[in-house]
Each structure stands twice: as C-alpha cells, then as structure tokens.
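Have a look at protein-v2.txt; it's compact mmCIF, C-alpha atoms:
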```txt
# COMPACT_ATOMS: atom_id res chain seq x y z
CA MET A 1 11.08 -30.11 12.69
CA GLN A 2 12.60 -29.87 16.10
CA PRO A 3 10.45 -30.81 19.09
CA GLY A 4 8.81 -27.78 20.59
CA GLY A 5 8.79 -25.84 17.37
CA LEU A 6 11.22 -23.52 15.68
CA PRO A 7 14.38 -22.73 17.60
CA LYS A 8 14.59 -19.05 18.45
CA LEU A 9 18.06 -17.67 17.93
CA SER A 10 19.56 -15.49 20.60
CA LEU A 11 21.89 -12.95 19.00
CA PRO A 12 22.66 -10.42 21.73
CA HIS A 13 25.91 -9.39 20.01
CA MET A 14 23.90 -7.98 17.10
CA LYS A 15 22.27 -4.77 18.29
CA ASN A 16 20.14 -4.21 15.19
CA ILE A 17 19.25 -6.74 12.49
CA VAL A 18 17.87 -4.98 9.44
CA ALA A 19 16.46 -6.89 6.47
CA VAL A 20 16.62 -5.42 2.98
CA ALA A 21 13.67 -6.90 1.10
CA SER A 22 11.55 -6.57 -1.99
CA GLY A 23 8.76 -8.51 -3.55
CA LYS A 24 10.28 -8.59 -7.01
CA GLY A 25 13.73 -9.63 -8.10
CA GLY A 26 16.09 -7.36 -9.97
CA VAL A 27 15.14 -4.13 -8.22
CA GLY A 28 18.57 -3.64 -6.67
CA LYS A 29 18.27 -5.16 -3.22
CA SER A 30 21.88 -6.33 -3.13
CA THR A 31 23.10 -2.98 -4.42
CA VAL A 32 21.10 -1.20 -1.72
CA ALA A 33 22.13 -3.71 0.98
CA SER A 34 25.86 -3.50 0.21
CA ASN A 35 25.88 0.29 -0.08
CA LEU A 36 23.72 0.65 3.04
CA ALA A 37 26.10 -1.59 4.99
CA LEU A 38 29.12 0.40 3.80
CA SER A 39 27.38 3.71 4.55
CA LEU A 40 26.72 2.54 8.12
CA CYS A 41 30.34 1.44 8.38
CA GLY A 42 31.40 4.87 7.13
CA MET A 43 29.44 6.39 10.00
CA GLY A 44 31.67 4.51 12.41
CA PHE A 45 29.43 1.57 13.22
CA LYS A 46 30.42 -2.08 13.37
CA VAL A 47 28.52 -3.69 10.53
CA GLY A 48 27.85 -7.16 9.16
CA LEU A 49 26.31 -8.04 5.81
CA LEU A 50 24.59 -11.39 5.38
CA ASP A 51 23.60 -12.51 1.91
CA ALA A 52 20.42 -14.50 2.59
CA ASP A 53 19.90 -15.28 -1.08
CA ILE A 54 21.03 -18.90 -0.98
CA TYR A 55 19.97 -19.71 -4.54
CA GLY A 56 21.37 -16.62 -6.24
CA PRO A 57 23.96 -14.91 -4.07
CA SER A 58 25.24 -11.70 -5.62
CA ILE A 59 27.02 -10.11 -2.66
CA PRO A 60 30.35 -11.90 -3.37
CA LEU A 61 30.58 -10.33 -6.84
CA MET A 62 29.44 -6.92 -5.63
CA MET A 63 31.98 -6.97 -2.80
CA GLY A 64 34.79 -8.18 -5.01
CA ILE A 65 35.17 -11.73 -3.79
CA GLN A 66 35.35 -14.23 -6.59
CA GLY A 67 34.92 -17.95 -6.20
CA GLN A 68 34.93 -20.18 -3.17
CA VAL A 69 36.69 -19.29 0.02
CA ASP A 70 39.15 -21.77 1.48
CA GLN A 71 38.01 -21.97 5.06
CA ALA A 72 41.28 -23.59 6.08
CA THR A 73 43.10 -20.35 5.38
CA THR A 74 40.34 -17.75 5.47
CA PRO A 75 37.95 -17.67 8.40
CA LEU A 76 34.31 -16.81 7.79
CA PRO A 77 32.70 -14.34 7.96
CA LEU A 78 35.12 -12.44 5.76
CA ASP A 79 36.35 -8.94 6.45
CA ARG A 80 35.90 -6.69 3.44
CA TYR A 81 35.99 -2.91 3.24
CA GLY A 82 35.61 -2.81 7.02
CA ILE A 83 32.50 -4.94 7.29
CA LYS A 84 31.93 -8.62 8.08
CA LEU A 85 30.51 -10.59 5.22
CA MET A 86 28.88 -13.98 4.74
CA SER A 87 27.28 -15.53 1.68
CA MET A 88 26.47 -18.96 0.31
CA GLY A 89 28.60 -17.84 -2.62
CA PHE A 90 31.70 -18.35 -0.45
CA LEU A 91 30.89 -22.02 0.01
CA VAL A 92 29.93 -23.22 -3.48
CA PRO A 93 31.58 -22.64 -6.86
CA PRO A 94 29.91 -19.77 -8.76
CA GLU A 95 28.76 -22.05 -11.59
CA LYS A 96 27.16 -24.60 -9.26
CA ALA A 97 23.45 -24.36 -8.50
CA VAL A 98 22.17 -24.79 -4.95
CA ILE A 99 19.08 -26.98 -5.25
CA TRP A 100 17.59 -27.10 -1.79
CA ARG A 101 14.19 -27.31 -0.19
CA GLY A 102 13.04 -24.94 2.55
CA PRO A 103 14.39 -26.76 5.63
CA MET A 104 17.92 -26.61 4.20
CA ILE A 105 17.57 -22.87 3.60
CA HIS A 106 16.42 -22.51 7.19
CA ARG A 107 19.39 -24.49 8.48
CA ALA A 108 21.91 -22.57 6.39
CA LEU A 109 20.61 -19.16 7.43
CA THR A 110 20.41 -20.00 11.12
CA GLN A 111 23.94 -21.40 10.99
CA PHE A 112 25.23 -18.32 9.19
CA LEU A 113 23.77 -16.14 11.93
CA SER A 114 24.44 -18.19 15.03
CA ASP A 115 27.51 -20.34 14.36
CA MET A 116 29.89 -17.73 13.00
CA ALA A 117 32.24 -15.38 14.79
CA TRP A 118 30.55 -12.12 13.83
CA GLY A 119 31.76 -10.35 16.94
CA ASP A 120 29.84 -7.39 18.32
CA LEU A 121 27.83 -5.65 15.60
CA ASP A 122 25.88 -2.42 15.73
CA TYR A 123 24.05 -3.33 12.52
CA MET A 124 23.59 -6.61 10.74
CA VAL A 125 22.22 -5.93 7.26
CA VAL A 126 20.50 -8.95 5.73
CA ASP A 127 20.12 -9.02 1.97
CA LEU A 128 16.98 -11.10 1.42
CA PRO A 129 16.07 -12.97 -1.74
CA PRO A 130 12.98 -11.70 -3.60
CA GLY A 131 9.54 -12.85 -2.56
CA THR A 132 7.95 -14.02 0.65
CA GLY A 133 9.33 -17.54 1.00
CA ASP A 134 11.57 -19.67 3.15
CA ALA A 135 14.34 -17.18 3.89
CA GLN A 136 11.81 -14.55 4.93
CA LEU A 137 9.99 -17.05 7.15
CA THR A 138 13.19 -18.14 8.85
CA LEU A 139 14.19 -14.58 9.58
CA THR A 140 10.81 -13.53 10.89
CA GLN A 141 10.13 -16.67 12.92
CA SER A 142 13.53 -17.55 14.34
CA VAL A 143 15.61 -14.37 14.28
CA PRO A 144 15.04 -11.27 16.41
CA LEU A 145 14.68 -9.05 13.35
CA THR A 146 14.69 -5.38 14.33
CA ALA A 147 13.19 -3.92 11.18
CA ALA A 148 13.07 -4.10 7.40
CA VAL A 149 13.48 -1.76 4.48
CA VAL A 150 11.69 -2.51 1.22
CA VAL A 151 13.25 -1.74 -2.14
CA THR A 152 11.16 -1.13 -5.22
CA THR A 153 11.49 0.44 -8.63
CA PRO A 154 8.91 2.97 -9.82
CA GLN A 155 6.96 0.78 -12.24
CA GLU A 156 3.70 -0.95 -11.33
CA VAL A 157 5.00 -4.50 -11.80
CA SER A 158 7.52 -3.90 -9.02
CA LEU A 159 5.12 -1.97 -6.80
CA ILE A 160 2.61 -4.83 -6.79
CA ASP A 161 5.24 -7.20 -5.42
CA ALA A 162 6.68 -4.64 -3.01
CA ARG A 163 3.20 -4.30 -1.53
CA LYS A 164 3.16 -8.06 -0.92
CA GLY A 165 6.49 -7.78 0.86
CA LEU A 166 5.10 -4.98 3.03
CA GLU A 167 2.03 -7.03 3.81
CA MET A 168 4.21 -9.94 4.87
CA PHE A 169 6.12 -7.77 7.33
CA ARG A 170 2.83 -6.40 8.67
CA GLU A 171 1.49 -9.90 9.21
CA VAL A 172 4.60 -11.05 11.05
CA ARG A 173 4.82 -7.79 13.01
CA VAL A 174 8.21 -6.66 11.84
CA PRO A 175 8.46 -2.85 11.70
CA VAL A 176 9.16 -1.47 8.25
CA LEU A 177 11.54 1.47 8.34
CA GLY A 178 10.42 2.55 4.91
CA ILE A 179 10.48 2.19 1.16
CA ILE A 180 13.46 2.94 -1.05
CA GLU A 181 12.82 3.67 -4.70
CA ASN A 182 15.74 2.43 -6.75
CA MET A 183 16.29 3.24 -10.45
CA SER A 184 14.12 6.24 -9.78
CA TYR A 185 15.33 8.59 -12.50
CA PHE A 186 18.23 9.22 -14.83
CA VAL A 187 20.04 12.50 -15.28
CA GLY A 188 21.15 12.80 -18.92
CA GLU A 189 24.19 14.57 -20.28
CA ASP A 190 21.87 17.49 -21.02
CA GLY A 191 21.27 17.76 -17.27
CA LYS A 192 17.61 16.86 -17.66
CA ARG A 193 15.96 14.35 -15.40
CA TYR A 194 14.33 11.39 -17.15
CA GLU A 195 11.94 9.15 -15.23
CA ILE A 196 12.38 6.06 -17.35
CA PHE A 197 10.29 3.67 -15.24
CA GLY A 198 7.57 6.16 -14.34
CA HIS A 199 7.08 8.82 -11.73
CA GLY A 200 6.57 8.60 -8.01
CA GLY A 201 5.58 4.93 -7.71
CA GLY A 202 7.56 4.40 -4.50
CA GLN A 203 6.12 7.51 -2.91
CA LYS A 204 2.60 6.53 -3.86
CA LEU A 205 3.08 3.09 -2.35
CA ALA A 206 4.53 4.61 0.80
CA LYS A 207 1.54 6.91 1.13
CA ALA A 208 -0.97 4.16 0.45
CA THR A 209 0.54 1.81 3.03
CA GLY A 210 1.48 4.35 5.67
CA VAL A 211 5.19 3.54 5.41
CA PRO A 212 7.85 6.26 5.35
CA PHE A 213 9.46 7.00 2.01
CA LEU A 214 13.19 6.80 2.63
CA GLY A 215 14.48 8.15 -0.62
CA ALA A 216 15.08 7.76 -4.33
CA ILE A 217 18.23 6.30 -5.82
CA PRO A 218 18.93 7.42 -9.40
CA ILE A 219 19.86 5.17 -12.32
CA ASP A 220 23.56 5.52 -12.71
CA PRO A 221 25.67 3.41 -15.09
CA LEU A 222 28.45 3.70 -12.53
CA VAL A 223 26.36 1.62 -10.10
CA VAL A 224 26.46 -1.32 -12.53
CA GLN A 225 30.17 -0.83 -13.11
CA ALA A 226 30.86 -0.54 -9.39
CA GLY A 227 28.90 -3.71 -8.63
CA ASP A 228 30.58 -5.70 -11.39
CA ASN A 229 33.99 -4.46 -10.28
CA GLY A 230 33.34 -5.47 -6.70
CA MET A 231 33.55 -1.97 -5.23
CA PRO A 232 30.14 -0.54 -4.29
CA MET A 233 29.44 3.11 -5.12
CA VAL A 234 29.87 4.36 -1.56
CA ILE A 235 33.57 3.48 -1.68
CA SER A 236 34.34 3.53 -5.42
CA HIS A 237 32.62 6.86 -6.22
CA PRO A 238 32.02 8.49 -2.84
CA GLU A 239 31.66 11.93 -4.43
CA SER A 240 28.77 10.88 -6.70
CA ALA A 241 25.15 11.86 -6.12
CA THR A 242 24.23 8.17 -5.98
CA ALA A 243 26.74 7.49 -3.20
CA GLY A 244 25.32 10.54 -1.43
CA ALA A 245 21.82 9.05 -1.71
CA PHE A 246 23.06 5.81 -0.13
CA ARG A 247 24.75 7.72 2.69
CA ASP A 248 21.50 9.62 3.29
CA LEU A 249 19.74 6.28 3.44
CA GLY A 250 22.20 5.10 6.10
CA LYS A 251 21.48 8.21 8.18
CA VAL A 252 17.71 7.73 7.89
CA VAL A 253 17.97 4.07 8.86
CA VAL A 254 19.98 4.95 11.98
CA LYS A 255 17.55 7.73 12.89
CA ASN A 256 14.41 5.67 12.31
CA LEU A 257 15.76 2.70 14.20
CA ALA A 258 16.50 4.94 17.15
CA LEU A 259 12.86 6.06 17.08
CA ALA A 260 11.50 2.54 16.92
CA PRO A 261 10.40 1.27 20.31
CA SER A 262 12.13 -1.88 21.44
CA GLU A 263 9.60 -4.59 21.83
CA ALA A 264 9.69 -7.38 24.37
CA PRO A 265 9.33 -10.92 23.04
CA LEU A 266 5.93 -12.56 23.33
CA PRO A 267 5.35 -14.24 26.69
CA GLY A 268 5.42 -18.00 27.00
CA LEU A 269 3.06 -20.26 28.91
CA SER A 270 3.03 -19.48 32.65
CA MET B 1 -12.93 -6.75 31.28
CA ALA B 2 -14.29 -8.07 28.03
CA VAL B 3 -13.95 -5.73 25.09
CA GLY B 4 -14.67 -8.00 22.19
CA ARG B 5 -12.55 -8.99 19.26
CA ALA B 6 -9.12 -7.74 18.38
CA LYS B 7 -8.66 -4.71 16.25
CA ARG B 8 -6.11 -4.77 13.47
CA LEU B 9 -3.00 -5.78 15.34
CA ARG B 10 -0.25 -3.84 13.65
CA THR B 11 0.25 -0.90 11.43
CA PHE B 12 3.44 0.04 9.68
CA ASP B 13 4.25 2.86 12.01
CA PHE B 14 5.92 2.38 15.32
CA SER B 15 2.91 3.16 17.45
CA MET B 16 2.43 0.71 20.27
CA ASN B 17 -1.30 0.34 19.76
CA ASP B 18 -1.05 -3.35 19.21
CA ILE B 19 -3.10 -5.63 21.34
CA LEU B 20 -0.63 -8.16 22.62
CA PRO B 21 -0.83 -11.12 24.98
CA THR B 22 0.55 -10.41 28.43
CA LYS B 23 -0.01 -13.76 30.12
CA LEU B 24 -0.86 -17.27 28.96
CA GLN B 25 -2.03 -19.96 31.32
CA LYS B 26 -3.24 -23.51 31.08
CA ASP B 27 -6.48 -24.18 32.92
CA SER B 28 -8.44 -27.39 33.00
CA GLY B 29 -8.92 -28.24 29.33
CA LEU B 30 -8.35 -24.72 28.11
CA ILE B 31 -5.85 -21.93 27.59
CA ARG B 32 -6.46 -18.49 29.07
CA ILE B 33 -4.78 -15.53 27.41
CA GLN B 34 -4.72 -12.11 28.99
CA TRP B 35 -4.31 -9.29 26.48
CA SER B 36 -2.87 -5.83 26.86
CA ASP B 37 -6.34 -4.30 26.41
CA GLY B 38 -7.60 -6.15 29.47
CA HIS B 39 -9.54 -8.85 27.67
CA GLU B 40 -9.12 -12.46 28.74
CA SER B 41 -9.55 -15.01 26.00
CA VAL B 42 -10.85 -18.44 26.82
CA LEU B 43 -9.66 -21.08 24.39
CA PRO B 44 -10.85 -24.66 25.02
CA TYR B 45 -8.43 -27.27 23.70
CA LYS B 46 -11.10 -28.79 21.49
CA ASN B 47 -11.76 -25.48 19.72
CA LEU B 48 -8.06 -24.84 19.30
CA ARG B 49 -7.40 -28.26 17.84
CA ASN B 50 -10.39 -28.03 15.50
CA ALA B 51 -9.15 -24.61 14.37
CA CYS B 52 -5.57 -25.72 13.77
CA PRO B 53 -4.41 -23.71 10.74
CA CYS B 54 -1.75 -26.17 9.55
CA ALA B 55 -2.00 -27.50 6.01
CA GLY B 56 -2.71 -31.07 7.14
CA CYS B 57 -5.59 -30.11 9.43
CA LYS B 58 -7.07 -27.71 6.88
CA GLU B 59 -7.07 -30.44 4.25
CA GLU B 60 -8.59 -32.90 6.70
CA ALA B 61 -11.33 -30.41 7.56
CA GLN B 62 -12.30 -30.11 3.90
CA LYS B 63 -12.87 -33.82 3.48
CA PRO B 64 -16.41 -35.15 3.94
CA LEU B 65 -16.99 -36.59 7.38
CA ASN B 66 -16.41 -40.35 7.42
CA PRO B 67 -18.30 -41.91 10.35
CA PHE B 68 -16.44 -45.19 9.83
CA ARG B 69 -12.97 -43.71 10.03
CA ILE B 70 -10.77 -45.75 12.33
CA LEU B 71 -9.23 -43.54 14.99
CA LYS B 72 -5.50 -43.64 15.55
CA THR B 73 -4.25 -44.50 19.02
CA ASN B 74 -3.14 -40.95 19.75
CA GLU B 75 -6.62 -39.66 18.86
CA LEU B 76 -8.13 -41.68 21.69
CA ALA B 77 -6.15 -39.90 24.39
CA PRO B 78 -7.66 -36.73 25.88
CA LEU B 79 -6.47 -33.51 24.22
CA GLU B 80 -3.64 -31.85 26.06
CA VAL B 81 -1.44 -28.90 25.19
CA SER B 82 2.21 -29.73 25.94
CA ARG B 83 3.80 -26.48 24.82
CA LEU B 84 2.84 -23.06 23.60
CA ASP B 85 5.88 -21.37 22.05
CA PRO B 86 6.13 -17.88 20.59
CA VAL B 87 6.88 -17.72 16.88
CA GLY B 88 8.63 -14.47 16.07
CA ARG B 89 6.55 -11.58 17.34
CA TYR B 90 3.35 -12.56 15.64
CA ALA B 91 2.18 -16.05 16.53
CA TYR B 92 2.27 -19.11 18.77
CA ARG B 93 3.02 -22.69 17.91
CA ILE B 94 0.99 -25.24 19.86
CA THR B 95 2.53 -28.63 20.56
CA TRP B 96 -0.08 -31.18 21.53
CA ALA B 97 0.50 -34.21 23.75
CA ASP B 98 -0.06 -36.48 20.75
CA GLY B 99 2.91 -34.86 19.01
CA HIS B 100 1.02 -32.63 16.57
CA ASP B 101 2.93 -29.34 16.36
CA THR B 102 2.57 -27.88 12.90
CA GLY B 103 -0.11 -25.31 13.68
CA ILE B 104 1.09 -21.71 13.91
CA PHE B 105 -1.65 -19.52 15.36
CA ARG B 106 -1.30 -15.81 14.58
CA LEU B 107 -2.22 -13.46 17.41
CA ASP B 108 -5.28 -12.08 15.67
CA TYR B 109 -6.41 -15.61 14.85
CA LEU B 110 -5.99 -16.74 18.45
CA ARG B 111 -7.99 -13.75 19.60
CA SER B 112 -10.74 -14.52 17.10
CA LEU B 113 -11.09 -18.02 18.55
CA CYS B 114 -12.03 -16.71 22.01
CA GLN B 115 -15.06 -18.52 23.38
CA CYS B 116 -15.95 -16.12 26.19
CA GLY B 117 -19.46 -14.81 26.53
CA SER B 118 -18.80 -11.42 24.96
CA CYS B 119 -16.89 -12.81 21.97
CA GLN B 120 -19.46 -15.57 21.39
CA PRO B 121 -22.82 -13.97 22.24
CA GLY B 122 -25.38 -16.59 23.07
CA LYS B 123 -22.82 -18.96 24.52
CA PRO B 124 -22.23 -19.18 28.24
CA GLY B 125 -19.14 -17.16 29.16
```

Take the structure from the file and write it as structure tokens.
Amino acid sequence: MQPGGLPKLSLPHMKNIVAVASGKGGVGKSTVASNLALSLCGMGFKVGLLDADIYGPSIPLMMGIQGQVDQATTPLPLDRYGIKLMSMGFLVPPEKAVIWRGPMIHRALTQFLSDMAWGDLDYMVVDLPPGTGDAQLTLTQSVPLTAAVVVTTPQEVSLIDARKGLEMFREVRVPVLGIIENMSYFVGEDGKRYEIFGHGGGQKLAKATGVPFLGAIPIDPLVVQAGDNGMPMVISHPESATAGAFRDLGKVVVKNLALAPSEAPLPGLS
Amino acid sequence: MAVGRAKRLRTFDFSMNDILPTKLQKDSGLIRIQWSDGHESVLPYKNLRNACPCAGCKEEAQKPLNPFRILKTNELAPLEVSRLDPVGRYAYRITWADGHDTGIFRLDYLRSLCQCGSCQPGKPG
C-alpha cells in the first residue's frame, strides 16, 4: 500500500468513464460492452474500450484480435473498428492463466488507464469482470468513474447477483445509468416470441431498486457467431434487430449521462 | 445546526439529496466535519481509532481484553491523524501518525460516529 492511501488517478482526457458490470458471469457483459462501445463510436464519439477482466479477458476474441500483441511493432492501446482497445489478453498468450492477487489487479488496471496513450476520449467503456471484487474496488476507489450499467439475464439466479452489483454501486456512490436485460427473448422462425429464461426479470429488478430499465437484448444466434468471428453485431449485422437494440442502448447511455449531475470530488482535510 | 444522524446517503437516481461533507478540519484531538445539511460532526481521535473498520482492528476488537498485553512503542505515542484522504466518492481513509492506514470510513459510518450532543444524547456536546 502506498503511503497516504490509494492513489487517485486523474484522467481529464476521458470525459466519461462508464463501467459495464454484472453480479453473475456469463450474462453477456463483454458482448454488451463491445457493442455499446461501437454504437457510441457510430454516433461520432471518440471511444475507448478497456477489458478489466484480467483473469478471463474476452474482448480480444470478440474484437477479432487473436494472440499476444508485439508491442515493439504495435503500440497499445490498439485501434480496432474505430475505437481504442486494451486488454490483458494482448499481453499474455491465450492459453496462459493469469494467477494474481488483488494488488496486482489494481496495478494492472491503473496502469492500463493512466500509462497508455488513449488520447482524448468522449467515452471510456470498461468491461468489468463478474462480481464485486478487486477490479470493481480499484475502479470505484481510484478512478473517477462517471457511471455504471448493469447487465443481467431474466432468470432469478442472475437477478440475485445483479442486485448485489447494484448494491455495491450504491454503497460506493457511483450512479447507475440502468439495467440491461440480455438474452431477454428469442424470436423463432414462426415469428413467435419465446421468453426462454423467464419474463420481465430485469424490469422487475429495475422497479424494485429504483434504477432505470435501459432495454432488452434478444437471444440471437448471430450474436454468438459475431463474437466468435471477432466482429460485434453492430458492425457485422447492423441491420439486425439486435444491433438496433445496442444502438438504442448507446443513445440512452448518452442521454442519461447528459442528465447526470457532475459531482465534485470529496473535500480533503483543510 | 444539529440535525441528527445521516439519512440514507445515496439512491440510484441522480437526485442530489445526498448529505455530503463540505469541510473537514483537525481540531485539538478531534476531527470536525461540516456536512451539506448544516450538521457539524465531532469525531475525537480515540473514538475514530476504536471504530476503525479495517479487518485487523475488527479482529483485534473481537478478542478478549488482555490486561497484560505489552504495548508496542507506537501505541504509547498520543493518537494523531496525519492524513484524511478521500476514497472514491464514498469514504475517507485515515492515516494515523503511527502508520496505521488501512481503515476506510464510509461517509454514513463517519456520520454515525459523531459524538456531538444531539447525536449522542446524554453526553456533553
């Protein structure tokens, strides 16, 4: 620990830092984060995407970057599809596990944010790992986080953990822009809507916690394909309803952030 | 103006109804915090140190009192707050003169520790 406590990062070149979080893993945070970042980019903003999942980075695959990046020839953060990109996955071979304790996670994340040439960004989207652990603490204690969005799926087992994520942001006084329900429903070939994981869980959670409901993203096999092929839906299938849902999410995030009051940092000792 | 203990400090909406510190000062042996609702909290060092929420202090507090415990050198010096640093937008970290700095005091917790007359009825203000 450094004397005097945690260092507070000053990141004036990042106008808005938005965390994409969830309590539970596997709900589609990285899918939402990458498509949200690309949607914001499509609106003309300068955007960065930071993969804060040090143990299980999935942004490199989803953004079509395989394997380690040779920093001698390729400067980090990378430019991809018009956005700046950084992930632990660029620094270690995909088959190698990162086995680190909390302080190392803290150091890596603060270095990713402060020691890299991000340039001026309108939005920095941070794809958080699941849970309420070290990465979340680093971001809420040392980074001027503007707001967070919470991703859930409709079933109870996801909602329980999403609620914990919401509670964490409440405790650390980070505004939550809203809840996104991913894998919300599936439209079959017969045109009927099937709610495979249940109905309205995200909306119920939003109502119960007083958080805006930002929208529902359908289950779409193309999302899986797009992620595995390294071209998120917003750019690989821009005409699809799912890409439209992500673009709507981008618009809501911009609108809600504009409504959020900017808050001065806490005062120090006089 | 003393208005008692803090209400819930934050909701999920963007209303600015939070009660936030506006000024923090060291006084002789205590910290004074002025809050946005007008209340001034009085936090004697001894109370703050005894209420340190860090894992080490919590564990120590749960142990039975040992009257024969040998004090460490730094425990013999008078308590003094060296630094009071904001942590995010929700807490303060206190660094004590003896080097102890692992306690992160959330705003609502700090407010609940106020020892003024209205927050601690029966005690002199």

Identify, on the basis of all atoms listed in the file, every residue whose closest approach to region 93-109 of chain B does not exceed 6 Å; exclude the query and any residue fewer than 2 positions from it along the same chain; express the result as JSON, numbers by chain. {"B": [52, 53, 54, 74, 80, 81, 82, 83, 84, 85, 90, 91, 111, 112]}

Might you pull out every residue within 10 Å of Ile31 (chain B), with all atoms listed in the file counted and same-chain residues fewer than 6 positions away left off, and present them as a ChimeraX atom specification? /A:269 /B:24-25,41-45,48,81,84,114

Identify, on the basis of all atoms listed in the file, every residue whose closest approach to Arg163 (chain A) does not exceed 9 Å; exclude the query and any residue fewer than 5 positions from it along the same chain; express the result as a ChimeraX atom specification. /A:22-23,158,168,205,209

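When only C-alpha atoms are used to compute distances to Gly210 (chain A), the closest of the residues A:Gly188, A:Thr146, A:Arg170, A:Met183 turns out to be A:Arg170.
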
Give me, as a tab-separated table, the closest atom pair and its distance (Å, one decimal) for every residue of chain A within a cut-off of 9 Å of chain B, counting only C-alpha atoms, rows sorted by chain and rising number.
```
residue	atom	partner	partner_atom	distance
A:Met1	CA	B:Thr102	CA	8.8
A:Pro3	CA	B:Asp101	CA	8.1
A:Gly4	CA	B:Thr95	CA	6.3
A:Gly5	CA	B:Arg93	CA	6.6
A:Leu6	CA	B:Val87	CA	7.3
A:Lys8	CA	B:Gly88	CA	7.9
A:Leu139	CA	B:Gly88	CA	8.5
A:Thr140	CA	B:Gly88	CA	5.7
A:Gln141	CA	B:Gly88	CA	4.1
A:Ser142	CA	B:Gly88	CA	6.0
A:Val143	CA	B:Gly88	CA	7.2
A:Pro144	CA	B:Gly88	CA	7.2
A:Leu145	CA	B:Gly88	CA	8.6
A:Leu166	CA	B:Phe12	CA	8.5
A:Phe169	CA	B:Phe12	CA	8.6
A:Arg170	CA	B:Arg10	CA	6.4
A:Glu171	CA	B:Tyr90	CA	7.2
A:Val172	CA	B:Tyr90	CA	5.0
A:Arg173	CA	B:Tyr90	CA	5.6
A:Val174	CA	B:Arg89	CA	7.6
A:Pro175	CA	B:Phe12	CA	6.1
A:Val176	CA	B:Phe12	CA	6.1
A:Leu177	CA	B:Asp13	CA	8.3
A:Gly178	CA	B:Phe12	CA	8.8
A:Thr209	CA	B:Phe12	CA	7.5
A:Gly210	CA	B:Phe12	CA	6.2
A:Val211	CA	B:Phe12	CA	5.8
A:Pro212	CA	B:Asp13	CA	8.3
A:Leu259	CA	B:Phe14	CA	8.1
A:Ala260	CA	B:Phe14	CA	5.8
A:Pro261	CA	B:Phe14	CA	6.8
A:Glu263	CA	B:Arg89	CA	8.9
A:Ala264	CA	B:Arg89	CA	8.8
A:Pro265	CA	B:Arg89	CA	6.4
A:Leu266	CA	B:Pro86	CA	6.0
A:Pro267	CA	B:Lys23	CA	6.4
A:Gly268	CA	B:Asp85	CA	6.0
A:Leu269	CA	B:Leu24	CA	4.9
A:Ser270	CA	B:Gln25	CA	5.3
```

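CA of Val224 (chain A) to CA of Ser30 (chain A) spans 11.6 Å [interatomic distance, one decimal].
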
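One finds CA of Leu50 (chain A) at 9.0 Å from CA of Leu109 (chain A).
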
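Rounded to one decimal, CA of Lys192 (chain A) and CA of Leu36 (chain A) lie 27.0 Å from each other.
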
Centre and edge lengths, as JSON, for the axis-aligned box enclosing every listed atom of region 56-74 of chain B with 4 Å of padding on each of the six sides, in Å to one decimal?
```
{"center_x": -10.5, "center_y": -36.7, "center_z": 11.6, "size_x": 23.6, "size_y": 26.0, "size_z": 24.3}
```

Please provide the set of residues having any atom within 8 Å of Ile65 (chain A), restricted to all atoms listed in the file, with same-chain residues fewer than 4 positions apart removed, written as a PyMOL selection string. chain A and resi 60-61+230

Which residues are near Gly202 (chain A)? Cut-off 9 Å, all atoms listed in the file, ignore same chain within fewer than 6 positions. Put them as a list in words. Val151, Thr152, Thr153, Pro154, Gln155, Leu159, Ile179, Ile180, Glu181, Asn182, Ser184, Phe213, Gly215 and Ala216 of chain A

May I have the protein, DNA and RNA residues with any atom at most 7 Å from the point (35.5, -19.6, 10.6), counting all atoms listed in the file, written as a JSON list (two decimals) with C-alpha atoms, in the frame of the given file?
```json
[["chain", "number", "residue", "atom", "x", "y", "z"],
["A", 71, "GLN", "CA", 38.01, -21.97, 5.06],
["A", 75, "PRO", "CA", 37.95, -17.67, 8.40],
["A", 76, "LEU", "CA", 34.31, -16.81, 7.79],
["A", 77, "PRO", "CA", 32.70, -14.34, 7.96],
["A", 116, "MET", "CA", 29.89, -17.73, 13.00],
["A", 117, "ALA", "CA", 32.24, -15.38, 14.79]]
```
